[in-house]
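Participant: So here's model16.txt (compact mmCIF, C-alpha atoms and all ligand atoms).
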```txt
# COMPACT_ATOMS: atom_id res chain seq x y z
CA MET A 26 -87.68 177.77 97.58
CA THR A 27 -85.06 175.61 95.90
CA SER A 28 -81.61 177.16 95.64
CA VAL A 29 -79.92 177.00 92.26
CA LEU A 30 -76.21 176.14 92.27
CA ARG A 31 -74.34 178.24 89.80
CA PRO A 32 -70.79 177.50 88.64
CA ARG A 33 -68.31 180.02 90.05
CA SER A 34 -67.07 182.44 87.47
CA ASP A 35 -64.15 183.71 89.56
CA ILE A 36 -61.88 180.67 89.80
CA ARG A 37 -58.47 182.02 90.72
CA PRO A 38 -55.46 180.32 89.12
CA ALA A 39 -52.50 179.49 91.34
CA ARG A 40 -50.20 182.46 91.93
CA ARG A 41 -47.15 180.55 90.74
CA VAL A 42 -48.71 180.24 87.28
CA ALA A 43 -49.16 184.00 87.03
CA VAL A 44 -45.45 184.40 87.88
CA ALA A 45 -44.50 181.83 85.25
CA GLU A 46 -46.72 183.50 82.66
CA ARG A 47 -44.56 186.61 82.87
CA HIS A 48 -41.86 184.61 81.10
CA GLY A 49 -44.39 183.63 78.39
CA LEU A 50 -43.02 181.62 75.48
CA ARG A 51 -45.09 182.19 72.39
CA GLY A 52 -46.86 185.38 73.42
CA THR A 53 -50.05 186.92 72.12
CA LEU A 54 -48.46 187.89 68.79
CA THR A 55 -48.34 184.26 67.70
CA ASP A 56 -52.06 183.82 68.42
CA GLU A 57 -52.79 186.98 66.47
CA ALA A 58 -50.70 185.72 63.54
CA HIS A 59 -52.70 182.47 63.50
CA GLU A 60 -55.95 184.46 63.49
CA LEU A 61 -54.74 186.58 60.56
CA SER A 62 -53.73 183.46 58.61
CA ALA A 63 -57.12 181.86 59.36
CA GLU A 64 -58.78 184.99 57.94
CA GLY A 65 -56.85 184.39 54.73
CA ARG A 66 -54.11 186.99 55.23
CA PRO A 67 -50.78 185.22 54.69
CA VAL A 68 -48.22 185.98 57.36
CA ILE A 69 -44.48 185.41 56.93
CA ASP A 70 -43.51 183.51 60.05
CA LEU A 71 -40.12 184.49 61.46
CA GLY A 72 -41.43 183.76 64.94
CA LEU A 73 -41.43 180.13 65.98
CA GLY A 74 -38.39 177.86 65.87
CA ASP A 75 -40.07 174.88 64.20
CA PRO A 76 -38.08 173.55 61.22
CA ALA A 77 -40.84 171.09 60.26
CA ALA A 78 -43.44 173.87 60.02
CA HIS A 79 -41.16 175.56 57.48
CA GLY A 80 -41.03 172.45 55.33
CA ILE A 81 -37.44 171.43 56.10
CA PRO A 82 -37.67 167.65 55.60
CA ALA A 83 -36.80 165.10 58.26
CA PRO A 84 -34.13 162.46 57.56
CA PRO A 85 -35.81 159.77 55.39
CA THR A 86 -34.38 156.90 57.50
CA VAL A 87 -36.10 158.30 60.58
CA LEU A 88 -39.47 158.58 58.86
CA ALA A 89 -39.16 155.01 57.53
CA THR A 90 -38.44 153.74 61.07
CA LEU A 91 -41.41 155.63 62.47
CA HIS A 92 -43.74 154.06 59.92
CA GLU A 93 -42.40 150.60 60.71
CA ARG A 94 -42.70 150.94 64.50
CA VAL A 95 -46.05 152.64 64.80
CA ASP A 96 -47.79 149.51 66.13
CA ASP A 97 -45.05 148.85 68.73
CA ALA A 98 -45.40 152.45 69.86
CA ARG A 99 -48.85 151.80 71.33
CA SER A 100 -47.29 150.59 74.61
CA TYR A 101 -45.81 152.57 77.48
CA SER A 102 -42.04 152.37 77.75
CA ASP A 103 -39.90 152.38 80.89
CA ALA A 104 -40.21 155.71 82.69
CA ALA A 105 -36.61 156.52 81.75
CA GLY A 106 -37.24 155.50 78.14
CA HIS A 107 -36.58 152.39 76.01
CA LEU A 108 -33.17 150.86 76.56
CA THR A 109 -32.43 150.89 72.81
CA ALA A 110 -33.04 154.63 72.62
CA ARG A 111 -31.02 155.33 75.78
CA THR A 112 -28.20 153.14 74.42
CA ALA A 113 -28.16 155.16 71.19
CA VAL A 114 -27.96 158.45 73.11
CA ALA A 115 -25.20 157.11 75.39
CA GLU A 116 -23.21 155.94 72.36
CA HIS A 117 -23.66 159.35 70.69
CA PHE A 118 -22.24 161.06 73.79
CA ARG A 119 -19.38 158.55 74.10
CA THR A 120 -18.24 158.47 70.50
CA ARG A 121 -19.09 161.90 69.11
CA LEU A 122 -19.32 164.30 72.04
CA GLY A 123 -16.17 163.39 73.97
CA LEU A 124 -17.83 161.91 77.08
CA PRO A 125 -16.49 158.31 77.15
CA GLU A 126 -18.02 157.41 80.52
CA VAL A 127 -21.70 157.90 79.59
CA ALA A 128 -23.79 154.72 80.06
CA PRO A 129 -27.44 154.08 79.14
CA SER A 130 -28.28 154.36 82.86
CA ASP A 131 -27.12 158.02 82.77
CA VAL A 132 -29.70 158.82 80.07
CA ARG A 133 -33.35 159.72 80.64
CA LEU A 134 -35.78 160.30 77.82
CA GLY A 135 -38.70 162.67 77.98
CA ASN A 136 -41.35 164.53 76.02
CA GLY A 137 -38.86 167.03 74.72
CA VAL A 138 -36.34 169.07 76.67
CA SER A 139 -39.39 170.97 77.91
CA GLU A 140 -40.65 168.09 80.05
CA LEU A 141 -37.22 167.02 81.30
CA ALA A 142 -36.40 170.59 82.32
CA LEU A 143 -39.51 170.72 84.49
CA LEU A 144 -38.89 167.28 86.06
CA THR A 145 -35.28 168.03 86.91
CA LEU A 146 -36.06 171.45 88.42
CA GLN A 147 -39.02 170.04 90.40
CA ALA A 148 -36.75 167.38 91.84
CA LEU A 149 -34.15 170.01 92.89
CA LEU A 150 -35.91 173.12 94.14
CA ASP A 151 -37.50 174.00 97.45
CA PRO A 152 -39.47 177.25 97.76
CA GLY A 153 -37.11 180.22 97.67
CA ASP A 154 -34.20 178.36 96.08
CA GLU A 155 -32.47 180.36 93.36
CA VAL A 156 -31.47 179.40 89.85
CA LEU A 157 -29.08 181.41 87.70
CA VAL A 158 -30.49 181.81 84.19
CA PRO A 159 -28.81 183.46 81.18
CA ASP A 160 -30.16 186.84 80.06
CA PRO A 161 -31.02 186.98 77.21
CA GLY A 162 -32.09 183.35 77.08
CA TYR A 163 -34.92 180.95 76.32
CA PRO A 164 -37.64 181.90 78.85
CA MET A 165 -38.77 178.34 79.63
CA TRP A 166 -36.03 177.96 82.26
CA SER A 167 -37.16 181.02 84.24
CA ALA A 168 -40.82 180.08 83.88
CA TYR A 169 -40.24 176.57 85.21
CA THR A 170 -38.11 177.86 88.08
CA SER A 171 -41.07 180.06 89.11
CA LEU A 172 -43.48 177.13 88.69
CA CYS A 173 -41.32 175.19 91.17
CA ASP A 174 -41.62 178.13 93.63
CA GLY A 175 -37.98 178.99 93.01
CA THR A 176 -36.50 182.35 92.02
CA ALA A 177 -34.88 182.80 88.62
CA VAL A 178 -31.88 185.13 88.91
CA PRO A 179 -30.87 186.42 85.45
CA TYR A 180 -27.14 186.65 84.79
CA PRO A 181 -26.12 189.22 82.18
CA CYS A 182 -24.80 188.13 78.78
CA PRO A 183 -24.84 191.59 77.19
CA ALA A 184 -24.17 192.61 73.61
CA SER A 185 -21.11 194.50 74.92
CA HIS A 186 -19.65 191.07 75.91
CA GLY A 187 -20.51 189.57 72.51
CA TRP A 188 -23.64 188.05 74.12
CA ARG A 189 -21.39 185.98 76.39
CA PRO A 190 -21.76 185.92 80.17
CA ASP A 191 -20.16 188.54 82.33
CA LEU A 192 -18.49 186.01 84.64
CA ASP A 193 -17.69 188.54 87.41
CA ALA A 194 -21.31 189.65 87.54
CA LEU A 195 -22.41 186.00 87.51
CA SER A 196 -20.16 185.16 90.45
CA ARG A 197 -21.58 188.05 92.47
CA LEU A 198 -25.14 186.84 91.86
CA ALA A 199 -24.53 183.38 93.37
CA GLY A 200 -25.56 183.21 97.03
CA PRO A 201 -26.43 180.74 99.77
CA ARG A 202 -29.83 179.88 98.20
CA THR A 203 -28.45 179.31 94.69
CA ARG A 204 -28.82 175.67 93.62
CA ALA A 205 -28.28 175.57 89.87
CA LEU A 206 -26.67 177.35 86.95
CA ILE A 207 -28.49 177.13 83.61
CA VAL A 208 -26.47 177.34 80.41
CA ILE A 209 -27.96 177.44 76.91
CA ASN A 210 -25.33 176.84 74.24
CA PRO A 211 -25.68 177.55 71.30
CA VAL A 212 -27.86 180.38 72.54
CA ASN A 213 -31.49 181.01 71.73
CA PRO A 214 -32.15 183.93 70.99
CA THR A 215 -28.76 185.46 70.09
CA GLY A 216 -27.33 182.62 67.97
CA THR A 217 -24.00 182.92 69.83
CA ILE A 218 -21.82 179.90 70.56
CA TRP A 219 -19.95 180.20 73.84
CA PRO A 220 -16.35 178.99 73.49
CA ALA A 221 -14.55 176.50 75.76
CA GLU A 222 -12.94 179.21 77.90
CA THR A 223 -16.37 180.67 78.70
CA LEU A 224 -17.59 177.18 79.63
CA ASP A 225 -14.55 176.82 81.90
CA GLY A 226 -15.48 180.10 83.62
CA LEU A 227 -19.06 178.89 84.13
CA ALA A 228 -17.84 175.58 85.54
CA ALA A 229 -15.56 177.47 87.95
CA VAL A 230 -18.54 179.46 89.29
CA ALA A 231 -20.54 176.23 89.75
CA ARG A 232 -17.56 174.63 91.52
CA THR A 233 -17.07 177.57 93.92
CA HIS A 234 -20.74 177.76 94.87
CA GLY A 235 -21.64 174.04 94.79
CA LEU A 236 -24.17 174.38 91.94
CA VAL A 237 -25.70 171.76 89.67
CA LEU A 238 -25.02 172.56 86.01
CA PHE A 239 -27.97 172.38 83.60
CA SER A 240 -26.78 172.65 80.01
CA ASP A 241 -29.44 173.04 77.34
CA GLU A 242 -27.66 171.98 74.13
CA ILE A 243 -30.73 171.41 71.95
CA TYR A 244 -29.03 173.41 69.13
CA ASP A 245 -25.70 171.51 69.33
CA GLY A 246 -25.93 170.23 65.74
CA ILE A 247 -26.66 173.63 64.21
CA ARG A 248 -23.40 175.53 63.84
CA PHE A 249 -21.99 177.66 61.05
CA ILE A 250 -18.48 178.10 62.44
CA PRO A 251 -15.66 175.58 62.18
CA GLY A 252 -14.94 173.06 64.91
CA PRO A 253 -16.99 170.57 66.87
CA HIS A 254 -19.64 171.35 69.47
CA VAL A 255 -18.13 171.43 72.98
CA PRO A 256 -20.48 170.03 75.63
CA LEU A 257 -20.25 171.83 78.98
CA ALA A 258 -19.98 168.43 80.70
CA THR A 259 -16.55 167.88 79.09
CA ARG A 260 -15.27 170.99 80.94
CA ALA A 261 -16.72 170.02 84.33
CA PRO A 262 -15.91 166.33 84.90
CA ASP A 263 -15.82 166.84 88.69
CA LEU A 264 -19.38 168.26 88.86
CA LEU A 265 -22.91 167.05 88.30
CA CYS A 266 -23.81 168.34 84.85
CA LEU A 267 -27.13 167.58 83.19
CA THR A 268 -27.03 167.92 79.40
CA PHE A 269 -30.32 168.36 77.55
CA GLY A 270 -30.89 167.62 73.86
CA GLY A 271 -33.33 165.99 71.50
CA LEU A 272 -34.87 165.66 68.07
CA SER A 273 -36.74 168.98 67.88
CA LYS A 274 -34.12 171.05 66.09
CA PHE A 275 -31.35 169.33 64.10
CA SER A 276 -33.56 166.28 63.37
CA ARG A 277 -36.52 168.52 62.44
CA LEU A 278 -38.99 166.44 64.47
CA PRO A 279 -40.33 168.75 67.21
CA GLY A 280 -43.81 167.25 67.11
CA LEU A 281 -42.49 163.85 68.22
CA ARG A 282 -41.60 165.37 71.61
CA ALA A 283 -38.43 163.32 71.91
CA GLY A 284 -35.73 164.70 74.16
CA TRP A 285 -33.02 163.43 76.49
CA MET A 286 -31.20 164.38 79.65
CA VAL A 287 -27.75 162.92 80.21
CA ALA A 288 -26.37 163.10 83.75
CA CYS A 289 -22.56 163.26 83.89
CA HIS A 290 -20.98 163.09 87.33
CA PRO A 291 -18.13 161.55 89.27
CA PRO A 292 -19.15 158.20 90.84
CA GLY A 293 -21.79 158.66 93.54
CA VAL A 294 -22.18 162.44 93.12
CA GLY A 295 -25.83 163.51 92.99
CA ARG A 296 -27.25 160.04 93.55
CA ALA A 297 -30.14 161.08 95.86
CA TYR A 298 -31.10 163.90 93.52
CA LEU A 299 -31.04 161.68 90.42
CA ASP A 300 -33.15 159.09 92.26
CA ALA A 301 -35.68 161.87 92.94
CA VAL A 302 -35.73 162.68 89.20
CA THR A 303 -36.40 158.97 88.54
CA SER A 304 -39.31 158.94 91.02
CA LEU A 305 -40.89 162.02 89.44
CA ALA A 306 -40.44 160.60 85.94
CA ALA A 307 -42.19 157.40 87.06
CA LEU A 308 -45.30 159.41 88.01
CA ARG A 309 -45.94 160.26 84.38
CA LEU A 310 -45.39 156.57 83.43
CA SER A 311 -43.54 157.00 80.16
CA PRO A 312 -42.40 159.45 77.52
CA ASN A 313 -44.03 159.32 74.09
CA ALA A 314 -43.03 155.93 72.68
CA ALA A 315 -43.11 156.80 68.96
CA GLY A 316 -40.56 159.54 69.53
CA GLN A 317 -38.24 157.07 71.21
CA TYR A 318 -38.27 154.69 68.24
CA ALA A 319 -37.01 157.60 66.16
CA VAL A 320 -34.00 158.27 68.41
CA PRO A 321 -31.56 155.54 67.22
CA ALA A 322 -32.41 156.32 63.59
CA ALA A 323 -31.95 160.08 64.13
CA LEU A 324 -28.55 159.47 65.74
CA SER A 325 -27.39 157.10 62.96
CA ALA A 326 -24.52 158.22 60.74
CA PRO A 327 -26.69 158.85 57.62
CA ALA A 328 -29.21 160.95 59.56
CA LEU A 329 -26.45 163.01 61.20
CA ARG A 330 -24.79 163.57 57.80
CA ASP A 331 -28.16 164.69 56.47
CA ALA A 332 -28.47 167.16 59.38
CA ALA A 333 -24.90 168.46 58.98
CA ALA A 334 -25.56 169.16 55.28
CA LEU A 335 -28.27 171.66 56.27
CA THR A 336 -25.68 174.08 57.66
CA GLU A 337 -23.19 173.64 54.80
CA PRO A 338 -23.23 175.87 51.70
CA GLY A 339 -26.31 174.94 49.67
CA GLY A 340 -28.09 173.51 52.73
CA ALA A 341 -31.50 174.90 53.74
CA LEU A 342 -30.31 176.43 57.03
CA HIS A 343 -27.21 177.91 55.42
CA GLN A 344 -29.29 179.49 52.64
CA ALA A 345 -31.85 180.90 55.06
CA ARG A 346 -29.13 182.42 57.25
CA SER A 347 -27.35 183.93 54.21
CA ALA A 348 -30.62 185.36 52.88
CA ALA A 349 -31.33 187.00 56.24
CA HIS A 350 -27.92 188.56 56.61
CA THR A 351 -27.66 189.69 52.98
CA ALA A 352 -31.07 191.35 53.29
CA MET A 353 -30.18 192.97 56.63
CA ALA A 354 -26.95 194.37 55.17
CA HIS A 355 -29.15 196.40 52.77
CA GLN A 356 -31.23 197.86 55.59
CA PRO A 357 -29.38 200.64 57.41
CA GLY A 358 -31.81 200.45 60.36
CA LEU A 359 -30.85 196.86 61.22
CA GLN A 360 -27.57 195.86 62.82
CA CYS A 361 -26.67 192.23 63.17
CA THR A 362 -23.63 189.99 63.02
CA PRO A 363 -24.36 186.61 61.41
CA GLN A 364 -25.20 183.99 64.02
CA ASP A 365 -22.62 181.28 64.84
CA GLY A 366 -25.27 178.66 65.50
CA THR A 367 -29.05 178.06 65.89
CA PHE A 368 -31.58 179.34 63.37
CA TYR A 369 -32.06 182.75 64.97
CA ALA A 370 -30.76 186.20 64.08
CA PHE A 371 -30.99 188.88 66.76
CA PRO A 372 -30.69 192.29 65.06
CA ARG A 373 -30.78 195.63 66.84
CA LEU A 374 -33.30 198.03 65.34
CA ASP A 375 -32.59 201.70 64.96
CA LEU A 376 -35.94 202.83 66.37
CA PRO A 377 -37.27 206.35 66.86
CA PRO A 378 -37.01 207.53 70.49
CA GLY A 379 -39.81 206.31 72.73
CA THR A 380 -40.52 203.14 70.77
CA THR A 381 -39.43 199.57 71.49
CA ALA A 382 -39.14 196.36 69.51
CA THR A 383 -42.27 195.12 71.33
CA HIS A 384 -44.25 198.00 69.86
CA PHE A 385 -42.49 197.50 66.53
CA ALA A 386 -43.27 193.75 66.39
CA ARG A 387 -46.98 194.44 66.94
CA ARG A 388 -47.07 196.95 64.07
CA LEU A 389 -44.96 194.64 61.91
CA LEU A 390 -47.57 191.90 62.23
CA ARG A 391 -50.63 194.12 61.81
CA GLU A 392 -49.33 196.38 59.03
CA LYS A 393 -46.77 194.22 57.20
CA SER A 394 -47.93 190.66 57.96
CA VAL A 395 -44.60 189.53 59.39
CA LEU A 396 -44.32 187.64 62.68
CA ALA A 397 -41.11 188.21 64.67
CA MET A 398 -40.39 188.06 68.40
CA PRO A 399 -39.45 191.14 70.42
CA GLY A 400 -36.14 190.83 72.27
CA LYS A 401 -37.74 191.60 75.64
CA GLN A 402 -39.50 188.26 75.48
CA PHE A 403 -36.07 186.75 76.17
CA SER A 404 -34.66 189.27 78.62
CA ASN A 405 -35.14 191.50 81.65
CA ASP A 406 -32.53 193.93 80.37
CA ASP A 407 -33.85 197.17 78.86
CA ALA A 408 -30.85 197.25 76.52
CA VAL A 409 -32.45 194.31 74.68
CA SER A 410 -35.72 196.19 74.13
CA THR A 411 -34.57 197.37 70.68
CA HIS A 412 -33.74 193.84 69.47
CA LEU A 413 -35.92 191.52 67.43
CA ARG A 414 -35.49 187.74 67.13
CA LEU A 415 -35.88 186.53 63.57
CA THR A 416 -36.11 182.80 62.86
CA THR A 417 -34.03 181.88 59.81
CA LEU A 418 -35.98 178.85 58.61
CA ALA A 419 -38.35 180.15 55.93
CA PRO A 420 -37.46 179.97 52.22
CA PRO A 421 -34.86 182.64 51.31
CA ALA A 422 -37.28 184.73 49.20
CA GLN A 423 -39.73 184.96 52.09
CA ILE A 424 -36.99 185.95 54.52
CA ALA A 425 -35.75 188.65 52.13
CA SER A 426 -39.28 189.98 51.68
CA ALA A 427 -39.88 190.03 55.47
CA ILE A 428 -36.68 191.97 56.06
CA GLU A 429 -37.58 194.48 53.36
CA ARG A 430 -40.89 195.01 55.16
CA ILE A 431 -39.03 195.50 58.44
CA GLY A 432 -36.89 198.16 56.73
CA ALA A 433 -39.99 199.81 55.25
CA LEU A 434 -41.75 199.98 58.62
CA LEU A 435 -38.65 201.49 60.23
CA THR A 436 -38.59 204.18 57.53
CA GLU A 437 -42.29 204.88 58.06
CA MET A 438 -41.82 205.16 61.82
CA TRP A 439 -38.95 207.62 61.40
CA THR A 440 -41.07 209.70 58.99
CA GLU A 441 -43.92 209.74 61.52
CA HIS A 442 -41.45 210.79 64.22
CA THR A 443 -40.04 213.62 62.08
CA ASN A 444 -43.54 214.81 61.15
CA ARG A 445 -44.59 214.81 64.79
CA GLY A 446 -41.51 216.91 65.64
CA ARG A 447 -42.32 219.39 62.86
CA ALA A 448 -45.98 219.62 63.93
CA LYS A 449 -44.83 220.38 67.49
CA GLN A 450 -42.52 223.14 66.26
CA MET A 451 -45.34 224.71 64.24
CA LYS A 452 -47.59 224.93 67.32
N1 LIG A 501 -34.47 174.73 74.80
C1 LIG A 501 -34.32 175.76 73.94
C2 LIG A 501 -33.14 176.65 74.09
C3 LIG A 501 -35.25 175.97 72.92
O1 LIG A 501 -35.09 176.99 72.08
C4 LIG A 501 -36.35 175.09 72.80
C5 LIG A 501 -37.38 175.29 71.76
O2 LIG A 501 -37.39 176.24 71.02
C6 LIG A 501 -36.47 174.05 73.72
C7 LIG A 501 -35.50 173.89 74.70
C8 LIG A 501 -37.61 173.08 73.66
O3 LIG A 501 -37.17 171.85 73.20
P1 LIG A 501 -38.14 170.58 73.07
O4 LIG A 501 -38.87 170.72 71.78
O5 LIG A 501 -37.18 169.43 73.08
O6 LIG A 501 -39.04 170.59 74.24
```
What would you get if you wrote out this structure as structure tokens?
Ligand code: PLP

Facilitator:
Amino acid sequence: MTSVLRPRSDIRPARRVAVAERHGLRGTLTDEAHELSAEGRPVIDLGLGDPAAHGIPAPPTVLATLHERVDDARSYSDAAGHLTARTAVAEHFRTRLGLPEVAPSDVRLGNGVSELALLTLQALLDPGDEVLVPDPGYPMWSAYTSLCDGTAVPYPCPASHGWRPDLDALSRLAGPRTRALIVINPVNPTGTIWPAETLDGLAAVARTHGLVLFSDEIYDGIRFIPGPHVPLATRAPDLLCLTFGGLSKFSRLPGLRAGWMVACHPPGVGRAYLDAVTSLAALRLSPNAAGQYAVPAALSAPALRDAAALTEPGGALHQARSAAHTAMAHQPGLQCTPQDGTFYAFPRLDLPPGTTATHFARRLLREKSVLAMPGKQFSNDDAVSTHLRLTTLAPPAQIASAIERIGALLTEMWTEHTNRGRAKQMK
């Protein structure tokens, strides 16, 4: 008898992936929204943070450069990225961000912040090492820490602190296994901008406990309050501080996967670690070359002016934010202060007892065709379970309509709750 080899149906994924999946980024709601759209049911998307998908145009000079360089972009680049692109990033940091020492050799390019975050954590963490991550915060950092067999330790940035970190609590969470402190500023999902004194407090914790600072500043160009962006690295010149940024948000080019990591440090500090990052980066040969050709153009004065205009009165991001907050002000069940930066609003919902924003977001998609992200996707804290993250990128009329639908669903849920209470009393 000949035996027949059958493929195994029970192939077990690595445990570390299951841990990372708990911090899932897009979630099942996004897939469901795509299915609904494919079935011909239009969904208002206040879920993903992709300015290009919402039709916000890219700077014309950048698009012209991309068209010109498409043939050159067929080759690999250096693993750290093309010198011209790294030079443009270094100059941006020196002349506009108050870090006069940054040289092209301090800059590494990658396929978005997402790839550089993974490379830099992989090069740092041994199993069981701990990383302090902001809560609420963008879940990629916790997911990657788990993927590197590390432990993400959330530090509280509660609404009661204006979504800023509780520095005493943070200090108590740092221990002998803690290696790094992650900062996201401006903050996804709350839209808060942490001021210089908060950054000083974070730097002090890193100094006391010998931590590497990772500062995700991908939203640095999107601010609605006066004053310049303050990079964390300017407040911690005596420490190793890695600053992450790129073209996905203010340049409206997320599909190009062009990001950078700039390592600021006193001479010699962190050399072995940064060499390890270089070795890991070399394994993947090169970041996307087309994206790199866009970097000098995106950091040119006309492109930056174009980006800044988006957040000024009349600009697309300013209008979307105003539409969201005007509409929310008319909905008594939604409480939200206008965001300082980013294109996210993070309202608290006045929900009937026993329900959460996760439950609400599911109903919102299925019954009202609006995609929004539940707060718990960004947090371990139950206090955040009544918050919803709304992306303020869609045209103002769509945002206003989505928020009206949110208000209508809240009213319906309260009516259902009252009716249930009455029915119970009648029994
Ligand atoms: N960091 C934060 C805080 C984000 O919100 C995002 C995307 O939404 C990223 C990083 C990903 O950036 P990139 O497109 O450069 O990978």

Participant: Report the centre and edge lengths, in Å to one decimal, of an axis-aligned box enclosing every atom of ligand LIG 501 (chain A) listed in the file, padded by 8 Å on each side, as AutoDock Vina command-line options.

Facilitator:
```
--center_x -36.1 --center_y 173.2 --center_z 72.9 --size_x 21.9 --size_y 23.6 --size_z 19.8
```

Participant: Mind pulling up the distance from CA of Leu418 in chain A to CA of Leu359 in chain A?

Facilitator: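 According to the coordinates, CA of Leu359 in chain A and CA of Leu418 in chain A are separated by 18.9 Å.
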
Participant: Please list as a PyMOL selection string every residue within 8 Å of range 96-104 of chain A, counting all atoms listed in the file and excluding residues in the same chain fewer than 4 positions away.

Facilitator: chain A and resi 303+306-307+309-315+318

Participant: Can you measure CA of Val138 in chain A to CA of Arg248 in chain A for me? One decimal in Å is fine.

Facilitator: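 Spanning CA of Val138 in chain A to CA of Arg248 in chain A is a straight-line distance of 19.3 Å.
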
Participant: What lies within 7 Å of Val208 in chain A using only C-alpha atoms, ignoring chain neighbours under 5 positions off, as JSON, numbers by chain?

Facilitator: {"A": [159, 239, 240, 241]}

Participant: Rounded to one decimal place, report the CA of Ser34 in chain A-CA of Glu60 in chain A distance in Å.

Facilitator: 26.5 Å
